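Trainee: query.cif is the file, holding mmCIF, C-alpha atoms:
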```cif
data_entry
#
loop_
_atom_site.label_atom_id
_atom_site.label_comp_id
_atom_site.auth_asym_id
_atom_site.auth_seq_id
_atom_site.Cartn_x
_atom_site.Cartn_y
_atom_site.Cartn_z
CA MET A 1 0.00 0.00 0.00
CA ARG A 2 1.40 3.40 -0.97
CA ASP A 3 2.02 6.05 1.67
CA GLY A 4 -1.12 8.05 2.26
CA ALA A 5 -3.37 5.45 0.64
CA ILE A 6 -6.60 4.60 2.38
CA PRO A 7 -6.96 0.85 3.04
CA ARG A 8 -10.02 -0.53 1.33
CA PRO A 9 -12.64 -2.34 3.46
CA LEU A 10 -12.38 -6.12 3.52
CA PHE A 11 -14.95 -8.88 3.27
CA VAL A 12 -14.17 -11.33 6.09
CA ALA A 13 -15.91 -14.71 6.45
CA VAL A 14 -15.73 -15.83 10.10
CA VAL A 15 -16.35 -19.53 10.77
CA THR A 16 -16.90 -20.40 14.43
CA GLU A 17 -18.67 -23.07 16.44
CA THR A 18 -19.31 -20.74 19.38
CA TYR A 19 -20.63 -17.20 19.33
CA PRO A 20 -22.48 -14.78 21.64
CA PRO A 21 -24.78 -15.03 23.49
CA GLU A 22 -22.95 -18.26 24.40
CA VAL A 23 -20.71 -17.58 27.39
CA ASN A 24 -17.06 -18.61 27.13
CA GLY A 25 -13.77 -16.93 26.35
CA VAL A 26 -13.78 -17.84 22.66
CA ALA A 27 -17.32 -16.55 22.09
CA ARG A 28 -16.57 -13.28 23.91
CA THR A 29 -13.33 -12.81 21.98
CA ILE A 30 -14.74 -13.39 18.51
CA GLY A 31 -17.86 -11.37 19.33
CA VAL A 32 -15.72 -8.33 20.14
CA MET A 33 -13.50 -8.88 17.09
CA VAL A 34 -16.52 -8.98 14.77
CA ARG A 35 -18.03 -5.86 16.33
CA LEU A 36 -14.82 -3.89 15.93
CA LEU A 37 -14.20 -5.10 12.38
CA ARG A 38 -17.69 -3.90 11.47
CA ALA A 39 -17.08 -0.58 13.22
CA ARG A 40 -14.05 -0.10 10.95
CA GLY A 41 -16.21 -0.49 7.86
CA HIS A 42 -15.40 -4.10 7.01
CA ARG A 43 -18.09 -6.45 5.72
CA VAL A 44 -18.40 -9.56 7.91
CA GLU A 45 -20.14 -12.88 7.40
CA VAL A 46 -20.41 -15.24 10.40
CA ILE A 47 -20.94 -18.94 9.72
CA ARG A 48 -21.84 -20.90 12.86
CA PRO A 49 -24.06 -23.69 14.20
CA ARG A 50 -27.66 -22.87 15.01
CA GLN A 51 -27.93 -22.32 18.79
CA GLY A 52 -31.59 -23.29 19.18
CA ARG A 53 -34.90 -23.49 17.40
CA GLY A 54 -35.52 -19.78 17.82
CA ASP A 55 -32.11 -18.78 16.46
CA VAL A 56 -32.61 -16.48 13.48
CA PRO A 57 -29.67 -15.34 11.32
CA ALA A 58 -28.86 -11.64 11.43
CA GLN A 59 -28.71 -9.87 8.10
CA ASP A 60 -27.93 -6.34 6.93
CA GLN A 61 -25.91 -4.69 4.19
CA ALA A 62 -22.53 -5.17 5.89
CA TYR A 63 -23.23 -8.19 8.11
CA ALA A 64 -24.76 -11.60 7.54
CA GLU A 65 -25.00 -14.93 9.34
CA LEU A 66 -25.23 -18.40 7.86
CA LEU A 67 -26.58 -20.91 10.41
CA ARG A 68 -25.61 -24.56 10.00
CA PRO A 69 -26.70 -27.77 11.76
CA GLY A 70 -24.71 -28.82 14.79
CA LEU A 71 -24.48 -31.44 17.52
CA PRO A 72 -23.84 -30.94 21.27
CA ILE A 73 -20.22 -31.48 22.32
CA PRO A 74 -20.04 -34.56 24.59
CA LYS A 75 -19.88 -33.51 28.28
CA TYR A 76 -19.94 -29.86 27.15
CA GLY A 77 -23.58 -29.80 26.11
CA GLU A 78 -24.05 -26.02 26.09
CA LEU A 79 -21.78 -25.79 23.02
CA ARG A 80 -22.20 -27.40 19.62
CA LEU A 81 -19.97 -28.86 16.93
CA GLY A 82 -20.88 -27.61 13.49
CA LEU A 83 -21.42 -30.41 10.98
CA PRO A 84 -19.31 -30.56 7.78
CA ALA A 85 -20.39 -27.98 5.20
CA LYS A 86 -17.79 -27.97 2.41
CA ARG A 87 -20.29 -28.13 -0.45
CA ALA A 88 -22.43 -25.33 0.99
CA LEU A 89 -19.41 -23.14 1.66
CA LEU A 90 -18.02 -23.68 -1.84
CA ALA A 91 -21.34 -22.61 -3.36
CA ARG A 92 -21.66 -19.60 -1.08
CA TRP A 93 -18.09 -18.37 -1.56
CA ARG A 94 -18.21 -18.86 -5.33
CA GLU A 95 -21.23 -16.58 -5.37
CA ALA A 96 -19.81 -13.99 -2.95
CA ARG A 97 -16.06 -14.45 -2.58
CA PRO A 98 -14.57 -13.25 0.73
CA ASP A 99 -11.18 -11.54 0.85
CA VAL A 100 -10.17 -13.80 3.74
CA VAL A 101 -11.66 -16.67 5.74
CA GLN A 102 -11.09 -16.66 9.51
CA VAL A 103 -11.60 -20.12 11.06
CA VAL A 104 -12.00 -19.67 14.81
CA THR A 105 -12.70 -23.23 15.99
CA GLU A 106 -11.43 -26.63 14.92
CA GLY A 107 -14.57 -28.77 14.70
CA PRO A 108 -15.93 -30.38 11.53
CA LEU A 109 -17.36 -27.05 10.35
CA GLY A 110 -13.98 -25.37 10.79
CA TRP A 111 -12.16 -28.22 9.02
CA THR A 112 -14.42 -28.03 5.97
CA ALA A 113 -14.11 -24.24 5.91
CA VAL A 114 -10.33 -24.59 5.63
CA ALA A 115 -10.77 -27.15 2.84
CA ALA A 116 -13.25 -24.95 0.93
CA ALA A 117 -11.06 -21.86 1.24
CA ARG A 118 -8.01 -23.79 -0.03
CA LYS A 119 -9.94 -25.16 -3.00
CA LEU A 120 -11.05 -21.65 -3.97
CA ARG A 121 -7.58 -20.19 -3.20
CA ILE A 122 -9.02 -17.78 -0.66
CA PRO A 123 -6.57 -16.75 2.11
CA VAL A 124 -7.50 -18.66 5.27
CA VAL A 125 -6.46 -17.89 8.85
CA SER A 126 -7.07 -20.39 11.65
CA GLU A 127 -7.02 -19.65 15.38
CA PHE A 128 -5.74 -21.78 18.23
CA HIS A 129 -8.06 -20.95 21.13
CA THR A 130 -8.57 -24.11 23.16
CA ASN A 131 -6.32 -26.96 24.29
CA PHE A 132 -8.81 -29.68 23.31
CA HIS A 133 -6.04 -32.30 23.35
CA THR A 134 -5.35 -31.34 27.00
CA TYR A 135 -9.06 -31.10 27.91
CA SER A 136 -9.63 -34.64 26.67
CA ARG A 137 -7.61 -35.99 29.60
CA HIS A 138 -10.09 -34.44 32.04
CA TYR A 139 -13.09 -36.17 30.46
CA GLY A 140 -11.89 -39.78 30.44
CA LEU A 141 -10.57 -39.54 26.88
CA GLY A 142 -6.86 -39.43 27.63
CA ALA A 143 -6.15 -42.28 25.20
CA LEU A 144 -7.38 -40.03 22.39
CA SER A 145 -5.24 -37.01 23.29
CA GLY A 146 -2.52 -37.93 20.79
CA ALA A 147 -5.02 -38.35 17.96
CA VAL A 148 -6.68 -35.05 18.87
CA ALA A 149 -3.31 -33.29 18.89
CA GLY A 150 -2.54 -34.68 15.44
CA TYR A 151 -5.93 -33.61 14.10
CA LEU A 152 -5.43 -30.06 15.38
CA ARG A 153 -1.93 -29.76 13.97
CA SER A 154 -3.08 -31.04 10.56
CA LEU A 155 -5.98 -28.59 10.42
CA HIS A 156 -3.88 -25.58 11.39
CA ASN A 157 -1.04 -26.45 9.04
CA ARG A 158 -3.51 -26.50 6.12
CA SER A 159 -4.33 -22.84 6.74
CA ASP A 160 -2.11 -19.99 5.57
CA CYS A 161 -1.29 -19.12 9.16
CA THR A 162 -2.42 -19.90 12.70
CA LEU A 163 -3.12 -17.12 15.18
CA VAL A 164 -2.06 -17.61 18.80
CA PRO A 165 -2.41 -15.16 21.70
CA THR A 166 1.10 -15.32 23.20
CA ASP A 167 4.74 -15.79 22.18
CA GLU A 168 4.92 -18.61 24.74
CA LEU A 169 2.18 -20.59 23.00
CA ALA A 170 3.74 -19.94 19.59
CA GLU A 171 7.02 -21.44 20.81
CA THR A 172 5.24 -24.46 22.31
CA LEU A 173 3.26 -25.19 19.15
CA ALA A 174 6.25 -24.62 16.85
CA ALA A 175 8.15 -27.25 18.83
CA THR A 176 5.38 -29.77 18.06
CA GLY A 177 5.32 -29.15 14.31
CA TYR A 178 2.99 -26.20 13.81
CA ARG A 179 3.95 -23.87 10.95
CA GLU A 180 3.23 -20.23 10.05
CA LEU A 181 2.30 -19.03 13.54
CA ARG A 182 1.39 -15.38 14.10
CA VAL A 183 0.87 -13.77 17.52
CA VAL A 184 -2.28 -11.67 17.86
CA GLY A 185 -3.00 -10.94 21.50
CA ARG A 186 -6.26 -10.44 23.36
CA GLY A 187 -7.79 -7.28 24.67
CA ILE A 188 -10.47 -6.35 27.16
CA ASP A 189 -13.26 -3.83 27.29
CA THR A 190 -11.58 -1.27 29.53
CA GLY A 191 -14.82 0.68 29.76
CA LEU A 192 -16.61 -2.35 31.17
CA PHE A 193 -14.04 -3.91 33.50
CA SER A 194 -12.99 -1.32 36.04
CA PRO A 195 -12.45 -0.93 39.80
CA ALA A 196 -15.12 1.77 39.67
CA ARG A 197 -17.78 -0.96 39.47
CA ARG A 198 -17.12 -2.12 43.03
CA SER A 199 -20.49 -2.54 44.74
CA VAL A 200 -21.02 -2.26 48.49
CA PRO A 201 -24.57 -3.74 48.26
CA LEU A 202 -23.26 -6.78 46.34
CA ARG A 203 -20.51 -7.31 48.90
CA ALA A 204 -23.12 -7.11 51.64
CA ARG A 205 -25.04 -9.95 49.96
CA TRP A 206 -21.82 -11.95 50.18
CA GLY A 207 -21.69 -11.29 53.92
CA CYS A 208 -19.08 -8.50 53.79
CA LEU A 209 -19.84 -5.64 56.16
CA GLY A 210 -16.47 -3.94 55.81
CA ASP A 211 -13.03 -4.83 54.45
CA GLU A 212 -13.35 -8.61 54.56
CA PRO A 213 -11.28 -10.08 51.69
CA VAL A 214 -13.25 -11.80 48.92
CA ALA A 215 -11.52 -14.59 46.95
CA ILE A 216 -13.23 -15.17 43.61
CA HIS A 217 -13.19 -17.77 40.85
CA VAL A 218 -14.65 -16.80 37.46
CA GLY A 219 -15.20 -19.43 34.80
CA ARG A 220 -16.72 -22.76 33.93
CA LEU A 221 -17.09 -25.12 36.89
CA ALA A 222 -15.45 -28.08 35.21
CA PRO A 223 -12.58 -30.51 35.85
CA GLU A 224 -10.15 -28.86 33.43
CA LYS A 225 -10.28 -25.58 35.37
CA GLY A 226 -8.36 -26.88 38.40
CA LEU A 227 -11.24 -26.45 40.84
CA ASP A 228 -9.71 -28.75 43.45
CA LEU A 229 -6.73 -26.41 43.65
CA PHE A 230 -9.00 -23.38 43.80
CA VAL A 231 -10.76 -24.90 46.81
CA ALA A 232 -7.47 -25.72 48.55
CA ALA A 233 -6.12 -22.22 47.91
CA ALA A 234 -9.36 -20.51 48.96
CA LEU A 235 -9.46 -22.48 52.21
CA ALA A 236 -5.82 -21.54 52.85
CA ALA A 237 -6.79 -17.91 52.31
CA ARG A 238 -9.63 -18.33 54.80
CA GLN A 239 -7.24 -19.88 57.30
CA ALA A 240 -4.90 -16.89 56.87
CA ASP A 241 -7.83 -14.52 57.47
CA PRO A 242 -10.98 -16.23 58.79
CA ARG A 243 -13.11 -13.33 57.51
CA THR A 244 -12.39 -14.35 53.88
CA ARG A 245 -15.46 -14.89 51.70
CA ILE A 246 -15.25 -17.35 48.78
CA VAL A 247 -17.28 -16.62 45.64
CA LEU A 248 -17.61 -18.62 42.41
CA VAL A 249 -19.02 -17.01 39.25
CA GLY A 250 -20.04 -19.44 36.52
CA ASP A 251 -21.51 -22.90 36.32
CA GLY A 252 -20.82 -26.29 34.80
CA PRO A 253 -20.74 -30.04 35.39
CA ALA A 254 -18.75 -29.78 38.64
CA GLY A 255 -21.13 -27.25 40.16
CA ARG A 256 -23.44 -29.68 41.92
CA ALA A 257 -20.62 -31.55 43.68
CA LEU A 258 -19.01 -28.28 44.77
CA ARG A 259 -22.27 -27.01 46.25
CA THR A 260 -22.68 -30.25 48.17
CA ARG A 261 -19.13 -30.27 49.58
CA HIS A 262 -18.85 -26.54 50.25
CA PRO A 263 -22.30 -25.06 50.94
CA ASP A 264 -20.65 -22.10 52.71
CA PHE A 265 -19.21 -20.77 49.44
CA VAL A 266 -21.20 -18.19 47.45
CA TYR A 267 -22.35 -19.52 44.05
CA ALA A 268 -23.24 -16.56 41.84
CA GLY A 269 -24.02 -18.57 38.70
CA MET A 270 -23.59 -17.22 35.18
CA ARG A 271 -23.09 -13.46 34.92
CA HIS A 272 -22.83 -11.24 31.87
CA GLY A 273 -21.84 -7.72 30.86
CA THR A 274 -22.02 -5.06 33.54
CA ASP A 275 -23.23 -7.61 36.10
CA LEU A 276 -20.11 -9.74 35.49
CA ALA A 277 -17.86 -6.69 35.70
CA THR A 278 -19.49 -5.70 39.00
CA HIS A 279 -18.82 -9.15 40.44
CA TYR A 280 -15.16 -8.91 39.48
CA ALA A 281 -14.67 -5.43 40.92
CA SER A 282 -16.48 -6.29 44.17
CA ALA A 283 -13.97 -9.03 44.97
CA ASP A 284 -10.40 -8.51 46.21
CA LEU A 285 -8.35 -11.42 44.92
CA LEU A 286 -8.68 -13.71 41.93
CA LEU A 287 -7.47 -17.27 42.39
CA PHE A 288 -6.94 -18.66 38.87
CA PRO A 289 -5.65 -22.25 39.10
CA SER A 290 -6.28 -23.43 35.53
CA THR A 291 -3.35 -24.82 33.55
CA THR A 292 -5.31 -25.66 30.38
CA GLU A 293 -5.79 -22.16 28.95
CA THR A 294 -4.35 -20.91 25.68
CA PHE A 295 -4.67 -17.41 27.11
CA GLY A 296 -7.08 -16.92 30.01
CA ASN A 297 -9.29 -13.86 29.51
CA VAL A 298 -10.27 -14.11 33.17
CA THR A 299 -6.77 -12.96 34.14
CA THR A 300 -6.87 -9.73 32.14
CA GLU A 301 -10.46 -8.98 33.13
CA ALA A 302 -9.46 -9.33 36.78
CA LEU A 303 -6.43 -7.06 36.31
CA ALA A 304 -8.58 -4.35 34.73
CA SER A 305 -11.04 -4.72 37.61
CA GLY A 306 -8.28 -4.01 40.12
CA LEU A 307 -7.98 -7.47 41.68
CA ALA A 308 -4.85 -8.92 43.20
CA VAL A 309 -4.28 -12.04 41.11
CA SER A 310 -2.75 -15.38 42.04
CA ALA A 311 -2.06 -17.46 38.94
CA PHE A 312 0.47 -19.79 37.38
CA ASP A 313 3.31 -18.26 35.40
CA TYR A 314 2.06 -18.99 31.90
CA ALA A 315 -0.37 -17.70 29.24
CA ALA A 316 -1.97 -14.31 30.00
CA ALA A 317 -0.50 -14.20 33.50
CA ARG A 318 3.06 -14.58 32.21
CA GLN A 319 2.43 -11.98 29.52
CA HIS A 320 0.88 -9.28 31.72
CA ILE A 321 1.84 -9.88 35.38
CA ARG A 322 5.15 -9.15 37.04
CA HIS A 323 5.53 -11.24 40.18
CA GLU A 324 5.24 -9.18 43.36
CA VAL A 325 4.57 -6.05 41.25
CA SER A 326 1.17 -6.55 39.60
CA GLY A 327 0.22 -9.98 40.92
CA LEU A 328 1.63 -13.21 42.35
CA LEU A 329 2.84 -16.00 40.07
CA ALA A 330 3.56 -19.62 40.92
CA PRO A 331 5.78 -21.86 38.78
CA PRO A 332 3.57 -23.91 36.43
CA GLY A 333 2.40 -27.03 38.25
CA ASP A 334 3.65 -25.93 41.69
CA ARG A 335 0.42 -26.34 43.63
CA GLN A 336 1.97 -25.51 46.99
CA ALA A 337 3.36 -22.21 45.73
CA PHE A 338 -0.08 -21.32 44.37
CA ILE A 339 -1.69 -22.06 47.73
CA VAL A 340 0.95 -20.04 49.60
CA ASN A 341 0.35 -17.07 47.30
CA ALA A 342 -3.38 -17.22 47.96
CA ALA A 343 -2.79 -17.23 51.72
CA ARG A 344 -0.45 -14.25 51.41
CA LEU A 345 -3.04 -12.23 49.54
CA ALA A 346 -5.60 -12.85 52.28
CA ALA A 347 -3.19 -12.23 55.15
CA GLU A 348 -1.50 -9.05 53.85
CA PRO A 349 -3.91 -6.18 53.14
CA ALA A 350 -1.07 -3.82 52.19
CA LEU A 351 0.16 -6.30 49.58
CA ARG A 352 -3.38 -6.63 48.17
CA THR A 353 -3.74 -2.86 47.91
CA ARG A 354 -0.38 -2.42 46.17
CA LEU A 355 -1.03 -5.21 43.68
CA SER A 356 -4.57 -4.00 43.07
CA THR A 357 -3.38 -0.54 42.03
CA ALA A 358 -0.70 -1.96 39.73
CA ALA A 359 -3.17 -4.47 38.24
CA ALA A 360 -5.65 -1.75 37.33
CA ASN A 361 -2.87 0.22 35.63
CA VAL A 362 -1.90 -2.82 33.56
CA GLY A 363 -5.50 -3.56 32.64
CA ALA A 364 -6.09 -0.02 31.42
CA THR A 365 -3.50 -0.56 28.65
CA LEU A 366 -5.12 -3.68 27.18
CA SER A 367 -7.50 -2.18 24.62
CA TRP A 368 -9.13 -4.27 21.90
CA GLU A 369 -8.33 -1.64 19.27
CA ARG A 370 -4.63 -2.56 19.38
CA VAL A 371 -5.52 -6.24 18.94
CA VAL A 372 -7.74 -5.57 15.92
CA ASP A 373 -4.95 -3.48 14.39
CA ASP A 374 -2.77 -6.60 14.53
CA LEU A 375 -5.51 -8.85 13.16
CA GLU A 376 -6.18 -6.50 10.26
CA ALA A 377 -2.45 -6.39 9.45
CA VAL A 378 -2.36 -10.21 9.25
CA PHE A 379 -5.39 -10.24 6.94
CA ARG A 380 -3.90 -7.67 4.57
CA ASP A 381 -0.51 -9.37 4.49
CA LEU A 382 -2.04 -12.74 3.56
CA ILE A 383 -4.28 -11.16 0.93
CA ASP A 384 -1.29 -9.42 -0.65
CA ARG A 385 0.68 -12.67 -0.63
CA HIS A 386 -2.18 -14.51 -2.34
CA ASP A 387 -2.59 -11.78 -4.93
CA ARG A 388 1.05 -12.22 -5.94
CA ARG A 389 0.67 -15.97 -6.52
CA PRO A 390 -0.07 -17.28 -10.02
CA SER A 391 -3.64 -18.63 -10.14
CA PRO A 392 -4.70 -21.64 -12.22
CA ALA A 393 -8.11 -21.60 -13.87
CA LEU A 394 -10.64 -22.32 -11.11
CA GLY A 395 -13.94 -21.75 -12.85
CA ILE A 396 -14.61 -18.67 -10.71
CA ASN A 397 -14.30 -14.99 -11.36
CA PRO A 398 -10.71 -13.87 -10.74
CA ARG A 399 -10.10 -11.33 -8.00
CA PRO A 400 -10.11 -7.81 -9.44
CA ALA A 401 -6.86 -5.85 -9.39
CA ARG A 402 -6.15 -4.25 -6.04
CA ASN A 403 -6.63 -0.55 -5.50
CA ASP A 404 -6.11 0.39 -1.85
CA ARG A 405 -7.41 3.88 -2.33
CA ALA A 406 -10.99 4.40 -1.28
CA ALA A 407 -13.41 4.13 -4.17
CA SER A 408 -14.38 7.51 -5.48
#
```
I need this file expressed as structure tokens, please.
Mentor:
Amino acid sequence: MRDGAIPRPLFVAVVTETYPPEVNGVARTIGVMVRLLRARGHRVEVIRPRQGRGDVPAQDQAYAELLRPGLPIPKYGELRLGLPAKRALLARWREARPDVVQVVTEGPLGWTAVAAARKLRIPVVSEFHTNFHTYSRHYGLGALSGAVAGYLRSLHNRSDCTLVPTDELAETLAATGYRELRVVGRGIDTGLFSPARRSVPLRARWGCLGDEPVAIHVGRLAPEKGLDLFVAAALAARQADPRTRIVLVGDGPAGRALRTRHPDFVYAGMRHGTDLATHYASADLLLFPSTTETFGNVTTEALASGLAVSAFDYAAARQHIRHEVSGLLAPPGDRQAFIVNAARLAAEPALRTRLSTAAANVGATLSWERVVDDLEAVFRDLIDRHDRRPSPALGINPRPARNDRAAS
């Protein structure tokens, strides 16, 4: 693009098996990405499984949805796998050719989207969001973890590049045979997640009448989230300061057993938007024991909300927290260090206050706009690379010559 030229709007086809209003980190991330791409004037098409009988595809001049059949994911029934759709995608993209295809998830729908894009020689970007090969060990499918890992690597290596959220993950995947990795980080809504949302009435409902520390867990109540370690760390925090309240936001298959074993904990259930942000800001320390995240949006949301965070030194925590400066980090897998950090946060109010202030300062720098800048740069680079390749006859209209100046 020449200096001073105005980048032309893109047509981006987003293929994902989870999307708002579904509640998980991937759905929230791609929902924000799509909103900001549209705000920049790009045309977006979202192809996803139908979420229920009443699910109606959105449609306007610059945004469309194509809903496909799907099946519930075993033991993760609130999400669906999109069924293969190569023939439908070929027909759709021959009729209205995207500039780039963004494959967010790796189910059958995502796989066939990669295949269709390659057949039509459309640039295709895949995203590595979820450690499914690691999750499988937590659901009695450990014998399949190697096959799942091979499936994921094959899918991603068929795309033009794979997006990952951290340099650490890029290095890990490269060592296992992944090619063409690009780092595009994650942002947060800094207008939503803020210490200013701290609520005295909400804390009172949790039994806090003053400065009692509140230890919070935010996320799916499921085996892969390290809930046994959360409980051990939270109880250690309570032992360090008996006034400590323990709050869990979210739900999932482990919720019933937790409620039975620990009826004294506060179970807030699923929370969204401003309500979720208020729950974050009304706590004091986040205990984040998961070791299965590719990033961990919970960490950055907690930082922006001004919480003192105890986490393992990997993923988002490694990228954004300095130990003893903006949070406390334990070596990956060191359960005892994690528990000790949780107890320190409960026992030392001055430490909590210092880390809280630093955390909020870090969180304020993590805007989504910077992330979408990076995503857009990847799209344009791949499109330019494709345009320079010789194209065999494909039976479709060739891409018109590029002109990055705005149409007059």
Trainee: A:Leu109, A:Ala39, A:Leu155, A:Leu209: which is nearest Arg87 (chain A), counting only C-alpha atoms?
Mentor: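 Checking each candidate against Arg87 (chain A), we get A:Leu109 as the closest.
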Trainee: Which distance in Å separates CA of Val266 (chain A) and CA of Asp241 (chain A), to one decimal?
Mentor: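 That distance, rounded to one decimal, is 17.1 Å.
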Trainee: Could you tell me which of A:Leu248, A:Leu258, A:Leu235, A:Ala117 comes closest to Arg271 (chain A) if we count only C-alpha atoms?
Mentor: A:Leu248
Trainee: Excluding Arg243 (chain A) and residues on its chain fewer than 2 positions from it, collect all residues at most 7 Å away from it, counting all atoms listed in the file, and give them as a PyMOL selection string.
Mentor: chain A and resi 212-213+238+241+245
Trainee: With C-alpha atoms kept, could you save the residues just selected as a JSON list (two decimals), keeping the file's coordinate frame?
Mentor:
```
[["chain", "number", "residue", "atom", "x", "y", "z"],
["A", 212, "GLU", "CA", -13.35, -8.61, 54.56],
["A", 213, "PRO", "CA", -11.28, -10.08, 51.69],
["A", 238, "ARG", "CA", -9.63, -18.33, 54.80],
["A", 241, "ASP", "CA", -7.83, -14.52, 57.47],
["A", 245, "ARG", "CA", -15.46, -14.89, 51.70]]
```
Trainee: Counting all atoms listed in the file, which of A:Leu81, A:Leu366, A:Ile383, A:Ala88 gets nearest to Leu66 (chain A)?
Mentor: A:Ala88
Trainee: Measuring between all atoms listed in the file, which one of A:His129, A:His272, A:His279, A:Arg50 shows the shortest distance to Val103 (chain A)?
Mentor: A:His129
Trainee: Nearest residue to Val372 (chain A) out of A:Arg179, A:Arg186, A:Asp55, A:Ala174, using all atoms listed in the file?
Mentor: A:Arg186
Trainee: Which residues come within 7 Å of Thr162 (chain A), counting only C-alpha atoms, excluding same-chain residues fewer than 3 positions away, as a list in words?
Mentor: Val125, Ser126, Glu127, Phe128, His156, Ser159, Glu180, Leu181 and Arg182 of chain A
Trainee: For the structure shown, which residues end up in the PyMOL selection byres ((chain A and resi 64) around 10)? Put them as a list of chain:residue names, please?
Mentor: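 What the PyMOL selection byres ((chain A and resi 64) around 10) grabs from the file is A:Ala13, A:Arg43, A:Val44, A:Glu45, A:Val46, A:Ile47, A:Pro57, A:Ala58, A:Gln59, A:Asp60, A:Gln61, A:Ala62, A:Tyr63, A:Glu65, A:Leu66, A:Leu67.
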Trainee: Give me the residues of region 146-215 of chain A that have any atom at most 8 Å from an atom of region 356-365 of chain A; for each, the nearest atom pair and the distance in Å, rounded to one decimal. Use all atoms listed in the file, sort by chain and number, and format it as a Markdown table.
Mentor:
```
| residue | atom | partner | partner_atom | distance |
| --- | --- | --- | --- | --- |
| A:Ile188 | CA | A:Gly363 | CA | 7.9 |
| A:Thr190 | CA | A:Ala364 | CA | 5.9 |
| A:Ser194 | CA | A:Ala360 | CA | 7.5 |
| A:Pro195 | CA | A:Ala360 | CA | 7.3 |
```
Trainee: Expand the PyMOL selection byres ((chain A and resi 196-199) around 10) into the explicit residue set it covers here, and present it as a list in words.
Mentor: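 Applied to this file, the PyMOL selection byres ((chain A and resi 196-199) around 10) selects Gly191, Leu192, Phe193, Ser194, Pro195, Val200, Pro201, Leu202, Arg203, Ala204, Thr274, Asp275, Leu276, Ala277, Thr278, His279, Tyr280, Ala281, Ser282, Ala283, Asp284, Ser305 and Gly306 of chain A.
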Trainee: Please write the residues from the selection above to a file, keeping C-alpha atoms, as a PDB file, keeping the file's coordinate frame.
Mentor:
```pdb
ATOM      1  CA  GLY A 191     -14.820   0.680  29.760  1.00  0.00           C
ATOM      2  CA  LEU A 192     -16.610  -2.350  31.170  1.00  0.00           C
ATOM      3  CA  PHE A 193     -14.040  -3.910  33.500  1.00  0.00           C
ATOM      4  CA  SER A 194     -12.990  -1.320  36.040  1.00  0.00           C
ATOM      5  CA  PRO A 195     -12.450  -0.930  39.800  1.00  0.00           C
ATOM      6  CA  VAL A 200     -21.020  -2.260  48.490  1.00  0.00           C
ATOM      7  CA  PRO A 201     -24.570  -3.740  48.260  1.00  0.00           C
ATOM      8  CA  LEU A 202     -23.260  -6.780  46.340  1.00  0.00           C
ATOM      9  CA  ARG A 203     -20.510  -7.310  48.900  1.00  0.00           C
ATOM     10  CA  ALA A 204     -23.120  -7.110  51.640  1.00  0.00           C
ATOM     11  CA  THR A 274     -22.020  -5.060  33.540  1.00  0.00           C
ATOM     12  CA  ASP A 275     -23.230  -7.610  36.100  1.00  0.00           C
ATOM     13  CA  LEU A 276     -20.110  -9.740  35.490  1.00  0.00           C
ATOM     14  CA  ALA A 277     -17.860  -6.690  35.700  1.00  0.00           C
ATOM     15  CA  THR A 278     -19.490  -5.700  39.000  1.00  0.00           C
ATOM     16  CA  HIS A 279     -18.820  -9.150  40.440  1.00  0.00           C
ATOM     17  CA  TYR A 280     -15.160  -8.910  39.480  1.00  0.00           C
ATOM     18  CA  ALA A 281     -14.670  -5.430  40.920  1.00  0.00           C
ATOM     19  CA  SER A 282     -16.480  -6.290  44.170  1.00  0.00           C
ATOM     20  CA  ALA A 283     -13.970  -9.030  44.970  1.00  0.00           C
ATOM     21  CA  ASP A 284     -10.400  -8.510  46.210  1.00  0.00           C
ATOM     22  CA  SER A 305     -11.040  -4.720  37.610  1.00  0.00           C
ATOM     23  CA  GLY A 306      -8.280  -4.010  40.120  1.00  0.00           C
TER      24      GLY A 306
END
```
Trainee: Under the PyMOL selection byres ((chain A and resi 225) around 9), which residues of this model are included? Write them out as a PyMOL selection string.
Mentor: chain A and resi 219-224+226-228+230+288-293
Trainee: Kindly give the distance, in Å, that separates CA of Gln239 (chain A) and CA of Tyr314 (chain A), rounded to a single decimal.
Mentor: 27.1 Å
Trainee: How many Å lie between CA of Ala113 (chain A) and CA of Leu37 (chain A), rounded to one decimal?
Mentor: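 Calculated distance between CA of Ala113 (chain A) and CA of Leu37 (chain A) is 20.2 Å.
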Trainee: Write region 283-288 of chain A as a compact mmCIF listing (two decimals), in the frame of the given file, completed to N, CA and C atoms.
Mentor:
```
# COMPACT_ATOMS: atom_id res chain seq x y z
N ALA A 283 -14.86 -8.10 44.29
CA ALA A 283 -13.97 -9.03 44.97
C ALA A 283 -12.63 -8.34 45.26
N ASP A 284 -11.71 -9.07 45.87
CA ASP A 284 -10.40 -8.51 46.21
C ASP A 284 -9.26 -9.30 45.60
N LEU A 285 -9.41 -10.62 45.49
CA LEU A 285 -8.35 -11.42 44.92
C LEU A 285 -8.92 -12.49 44.01
N LEU A 286 -8.31 -12.65 42.86
CA LEU A 286 -8.68 -13.71 41.93
C LEU A 286 -7.72 -14.87 42.13
N LEU A 287 -8.27 -16.05 42.34
CA LEU A 287 -7.47 -17.27 42.39
C LEU A 287 -7.75 -18.03 41.09
N PHE A 288 -6.75 -18.08 40.21
CA PHE A 288 -6.94 -18.66 38.87
C PHE A 288 -6.02 -19.86 38.71
```
